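Report on the structure given below.
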Amino acid sequence: MRTLLLTILATGLLAACTPTAPDVSPEKTGTPPADDARLFGRTWLNSHEARPNETPTYRPESYTWATPPQRYNMPTEGGDGFRFDADGKGVYIAPGIGPGPTTHPITWQRAEPGKSVFRLHVTDNSRPDMQVEIVSVDADRLTARYLP
């Protein structure tokens with residue numbers, strides 16, 4: 001009985017001394033979520049396949065359609081898009097006038113660490129700063145919306 005009591009006491013003391021693992025969740029450390037590997041370093045272009053009441057859909061620049069979808073609200077000047085690089089830089093693609101879209105260098109940062117809202121600053125000052133919320137990202141499809 002005494003041995004059992006000592007074993008229980010020793011186990012309790014060892015458990016109390018064992019360090020706990022630190023909280024390494026994205027919300028605590030600012031570490032990007034796993035989806036960032038699919039998001040960063042790729043140029044995403046608005047495919048205009050989302051209906052007017054849906055979140056806009058973006059496809060990688062090199063995406064090849066098996067069967068092109070119906071398009072909604074497609075501008076004649078070209079679409080919009082963006083590229084976020086892991087170093088906090090990137091490109092914003094704006095509908096252009098005449099020959100097509102125009103590209104503008106950006107810097108970006110997360111609105112909150114580990115979250116999916118990004119603040120964009122167009123470094124050539126040709127556009128006002130904006131925010132983009134990444135709703136979902138897969139290998140060949142991204143949904144995102146610009147926030148007011």
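So you can find residues: chains in the structure tokens are A, B, ... in the order shown, residues in each start at 1, and ligands are numbered from 1 in order.
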
Residues within 7 Å of stretch 115-132 of chain A, only C-alpha atoms, excluding chain neighbours under 5 positions, as a tab-separated table (two decimals) with all heavy atoms, in the first residue's frame:
chain	number	residue	atom	x	y	z
A	104	HIS	N	0.31	46.97	-60.83
A	104	HIS	CA	0.83	47.95	-59.88
A	104	HIS	C	1.52	47.21	-58.74
A	104	HIS	O	0.94	46.27	-58.18
A	104	HIS	CB	-0.31	48.80	-59.32
A	104	HIS	CG	-1.12	49.46	-60.39
A	104	HIS	ND1	-0.79	50.65	-60.96
A	104	HIS	CD2	-2.26	49.05	-61.02
A	104	HIS	CE1	-1.68	50.97	-61.88
A	104	HIS	NE2	-2.58	50.01	-61.94
A	105	PRO	N	2.72	47.63	-58.37
A	105	PRO	CA	3.41	46.97	-57.26
A	105	PRO	C	2.69	47.28	-55.94
A	105	PRO	O	2.15	48.37	-55.76
A	105	PRO	CB	4.81	47.58	-57.28
A	105	PRO	CG	4.64	48.89	-57.97
A	105	PRO	CD	3.51	48.73	-58.94
A	106	ILE	N	2.68	46.30	-55.05
A	106	ILE	CA	2.04	46.48	-53.75
A	106	ILE	C	2.95	45.96	-52.64
A	106	ILE	O	3.88	45.20	-52.88
A	106	ILE	CB	0.69	45.73	-53.64
A	106	ILE	CG1	0.89	44.21	-53.80
A	106	ILE	CG2	-0.33	46.27	-54.61
A	106	ILE	CD1	-0.32	43.38	-53.40
A	107	THR	N	2.66	46.43	-51.44
A	107	THR	CA	3.13	45.78	-50.22
A	107	THR	C	1.87	45.37	-49.50
A	107	THR	O	0.82	46.00	-49.64
A	107	THR	CB	3.98	46.72	-49.35
A	107	THR	OG1	3.24	47.89	-49.03
A	107	THR	CG2	5.28	47.10	-50.06
A	108	TRP	N	1.95	44.30	-48.73
A	108	TRP	CA	0.78	43.82	-48.02
A	108	TRP	C	1.17	43.40	-46.61
A	108	TRP	O	2.32	43.13	-46.31
A	108	TRP	CB	0.11	42.66	-48.76
A	108	TRP	CG	0.96	41.43	-48.85
A	108	TRP	CD1	1.76	41.07	-49.91
A	108	TRP	CD2	1.12	40.41	-47.87
A	108	TRP	NE1	2.40	39.90	-49.63
A	108	TRP	CE2	2.03	39.47	-48.38
A	108	TRP	CE3	0.60	40.20	-46.60
A	108	TRP	CZ2	2.42	38.34	-47.67
A	108	TRP	CZ3	0.98	39.08	-45.89
A	108	TRP	CH2	1.88	38.16	-46.43
A	109	GLN	N	0.16	43.39	-45.76
A	109	GLN	CA	0.31	42.84	-44.42
A	109	GLN	C	-1.04	42.31	-43.98
A	109	GLN	O	-2.08	42.73	-44.50
A	109	GLN	CB	0.83	43.87	-43.43
A	109	GLN	CG	-0.11	45.03	-43.20
A	109	GLN	CD	0.50	46.06	-42.25
A	109	GLN	OE1	1.65	46.00	-41.90
A	109	GLN	NE2	-0.32	46.99	-41.81
A	110	ARG	N	-1.02	41.38	-43.05
A	110	ARG	CA	-2.27	40.85	-42.53
A	110	ARG	C	-2.91	41.89	-41.62
A	110	ARG	O	-2.23	42.56	-40.86
A	110	ARG	CB	-2.03	39.58	-41.74
A	110	ARG	CG	-1.63	38.42	-42.61
A	110	ARG	CD	-1.46	37.17	-41.76
A	110	ARG	NE	-0.91	36.10	-42.54
A	110	ARG	CZ	-1.63	35.29	-43.30
A	110	ARG	NH1	-2.92	35.42	-43.36
A	110	ARG	NH2	-1.04	34.35	-44.00
A	144	ALA	N	-12.26	35.38	-53.12
A	144	ALA	CA	-11.83	36.53	-52.34
A	144	ALA	C	-12.72	37.71	-52.66
A	144	ALA	O	-13.31	37.79	-53.74
A	144	ALA	CB	-10.38	36.87	-52.67
A	145	ARG	N	-12.79	38.62	-51.72
A	145	ARG	CA	-13.57	39.84	-51.95
A	145	ARG	C	-12.81	41.05	-51.40
A	145	ARG	O	-12.10	40.94	-50.41
A	145	ARG	CB	-14.94	39.72	-51.33
A	145	ARG	CG	-14.96	39.60	-49.85
A	145	ARG	CD	-16.40	39.56	-49.29
A	145	ARG	NE	-16.44	38.71	-48.13
A	145	ARG	CZ	-17.00	37.51	-48.07
A	145	ARG	NH1	-17.60	37.01	-49.11
A	145	ARG	NH2	-16.97	36.81	-46.97
A	146	TYR	N	-12.99	42.16	-52.08
A	146	TYR	CA	-12.44	43.41	-51.61
A	146	TYR	C	-13.38	43.96	-50.56
A	146	TYR	O	-14.60	43.93	-50.72
A	146	TYR	CB	-12.28	44.41	-52.77
A	146	TYR	CG	-11.22	43.99	-53.75
A	146	TYR	CD1	-11.57	43.28	-54.91
A	146	TYR	CD2	-9.88	44.25	-53.51
A	146	TYR	CE1	-10.58	42.86	-55.79
A	146	TYR	CE2	-8.91	43.84	-54.40
A	146	TYR	CZ	-9.26	43.15	-55.53
A	146	TYR	OH	-8.29	42.74	-56.40
A	147	LEU	N	-12.81	44.45	-49.46
A	147	LEU	CA	-13.62	45.00	-48.38
A	147	LEU	C	-13.65	46.52	-48.47
A	147	LEU	O	-12.68	47.13	-48.93
A	147	LEU	CB	-13.04	44.57	-47.03
A	147	LEU	CG	-12.95	43.06	-46.80
A	147	LEU	CD1	-12.24	42.77	-45.48
A	147	LEU	CD2	-14.32	42.43	-46.82

In Å, rounded to a single decimal, give me how far atom CA of A:Pro68 is from atom CA of A:Asp36.
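These two atoms are separated by 27.0 Å.
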
As a VMD selection string, please: the residues near A:Pro56 (cut-off 10 Å, only C-alpha atoms, same-chain neighbours under 4 positions excluded).
chain A and resid 46 to 52 135 142 to 146

For the selection you just gave me, I'd like the residues written to a file as a short mmCIF file (atom, residue, chain, number, x, y, z; two decimals), in the first residue's frame, keeping all heavy atoms.
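Okay, selection33.cif is ready:
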data_model
loop_
_atom_site.label_atom_id
_atom_site.label_comp_id
_atom_site.auth_asym_id
_atom_site.auth_seq_id
_atom_site.Cartn_x
_atom_site.Cartn_y
_atom_site.Cartn_z
N ASN A 46 -9.29 37.24 -61.79
CA ASN A 46 -10.74 37.09 -61.65
C ASN A 46 -11.26 36.35 -62.88
O ASN A 46 -11.07 36.79 -64.01
CB ASN A 46 -11.40 38.45 -61.51
CG ASN A 46 -12.85 38.35 -61.09
OD1 ASN A 46 -13.54 37.37 -61.34
ND2 ASN A 46 -13.33 39.40 -60.44
N SER A 47 -11.91 35.22 -62.65
CA SER A 47 -12.42 34.41 -63.77
C SER A 47 -13.84 34.82 -64.17
O SER A 47 -14.34 34.35 -65.18
CB SER A 47 -12.42 32.93 -63.39
OG SER A 47 -13.28 32.72 -62.28
N HIS A 48 -14.47 35.66 -63.39
CA HIS A 48 -15.82 36.15 -63.64
C HIS A 48 -16.83 35.01 -63.79
O HIS A 48 -17.82 35.14 -64.49
CB HIS A 48 -15.86 37.08 -64.86
CG HIS A 48 -15.01 38.29 -64.65
ND1 HIS A 48 -15.41 39.36 -63.90
CD2 HIS A 48 -13.75 38.58 -65.06
CE1 HIS A 48 -14.45 40.26 -63.86
NE2 HIS A 48 -13.43 39.81 -64.55
N GLU A 49 -16.56 33.90 -63.11
CA GLU A 49 -17.51 32.79 -63.13
C GLU A 49 -18.50 32.86 -61.98
O GLU A 49 -19.49 32.14 -61.99
CB GLU A 49 -16.77 31.45 -63.11
CG GLU A 49 -15.97 31.21 -61.85
CD GLU A 49 -15.07 30.00 -61.92
OE1 GLU A 49 -15.58 28.88 -61.77
OE2 GLU A 49 -13.86 30.18 -62.12
N ALA A 50 -18.24 33.72 -60.99
CA ALA A 50 -19.17 33.87 -59.87
C ALA A 50 -20.35 34.74 -60.31
O ALA A 50 -20.18 35.76 -60.97
CB ALA A 50 -18.47 34.50 -58.68
N ARG A 51 -21.52 34.32 -59.91
CA ARG A 51 -22.72 35.13 -60.19
C ARG A 51 -22.65 36.41 -59.37
O ARG A 51 -21.90 36.49 -58.40
CB ARG A 51 -23.96 34.32 -59.84
CG ARG A 51 -24.17 33.16 -60.80
CD ARG A 51 -25.46 32.41 -60.47
NE ARG A 51 -25.78 31.45 -61.50
CZ ARG A 51 -25.32 30.21 -61.54
NH1 ARG A 51 -24.52 29.78 -60.60
NH2 ARG A 51 -25.66 29.40 -62.53
N PRO A 52 -23.45 37.42 -59.72
CA PRO A 52 -23.38 38.71 -59.03
C PRO A 52 -23.54 38.63 -57.50
O PRO A 52 -22.95 39.43 -56.80
CB PRO A 52 -24.51 39.52 -59.66
CG PRO A 52 -24.64 38.95 -61.03
CD PRO A 52 -24.36 37.47 -60.88
N VAL A 135 -11.37 34.17 -48.82
CA VAL A 135 -12.41 33.33 -48.25
C VAL A 135 -11.97 31.87 -48.29
O VAL A 135 -12.13 31.13 -47.31
CB VAL A 135 -13.75 33.55 -48.98
CG1 VAL A 135 -14.82 32.61 -48.45
CG2 VAL A 135 -14.17 35.00 -48.86
N LEU A 142 -9.52 30.20 -56.06
CA LEU A 142 -9.48 31.08 -54.91
C LEU A 142 -10.73 31.92 -54.91
O LEU A 142 -11.17 32.38 -55.96
CB LEU A 142 -8.23 31.97 -55.01
CG LEU A 142 -8.03 32.98 -53.90
CD1 LEU A 142 -6.57 33.02 -53.52
CD2 LEU A 142 -8.46 34.36 -54.34
N THR A 143 -11.35 32.10 -53.76
CA THR A 143 -12.46 33.04 -53.64
C THR A 143 -12.02 34.15 -52.70
O THR A 143 -11.42 33.89 -51.64
CB THR A 143 -13.75 32.37 -53.13
OG1 THR A 143 -13.51 31.72 -51.90
CG2 THR A 143 -14.29 31.37 -54.15
N ALA A 144 -12.26 35.38 -53.12
CA ALA A 144 -11.83 36.53 -52.34
C ALA A 144 -12.72 37.71 -52.66
O ALA A 144 -13.31 37.79 -53.74
CB ALA A 144 -10.38 36.87 -52.67
N ARG A 145 -12.79 38.62 -51.72
CA ARG A 145 -13.57 39.84 -51.95
C ARG A 145 -12.81 41.05 -51.40
O ARG A 145 -12.10 40.94 -50.41
CB ARG A 145 -14.94 39.72 -51.33
CG ARG A 145 -14.96 39.60 -49.85
CD ARG A 145 -16.40 39.56 -49.29
NE ARG A 145 -16.44 38.71 -48.13
CZ ARG A 145 -17.00 37.51 -48.07
NH1 ARG A 145 -17.60 37.01 -49.11
NH2 ARG A 145 -16.97 36.81 -46.97
N TYR A 146 -12.99 42.16 -52.08
CA TYR A 146 -12.44 43.41 -51.61
C TYR A 146 -13.38 43.96 -50.56
O TYR A 146 -14.60 43.93 -50.72
CB TYR A 146 -12.28 44.41 -52.77
CG TYR A 146 -11.22 43.99 -53.75
CD1 TYR A 146 -11.57 43.28 -54.91
CD2 TYR A 146 -9.88 44.25 -53.51
CE1 TYR A 146 -10.58 42.86 -55.79
CE2 TYR A 146 -8.91 43.84 -54.40
CZ TYR A 146 -9.26 43.15 -55.53
OH TYR A 146 -8.29 42.74 -56.40
#

Would you mind reading off the distance between atom CA of A:Thr103 and atom CA of A:Val91, one decimal, in Å?
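A separation of 6.4 Å between them.
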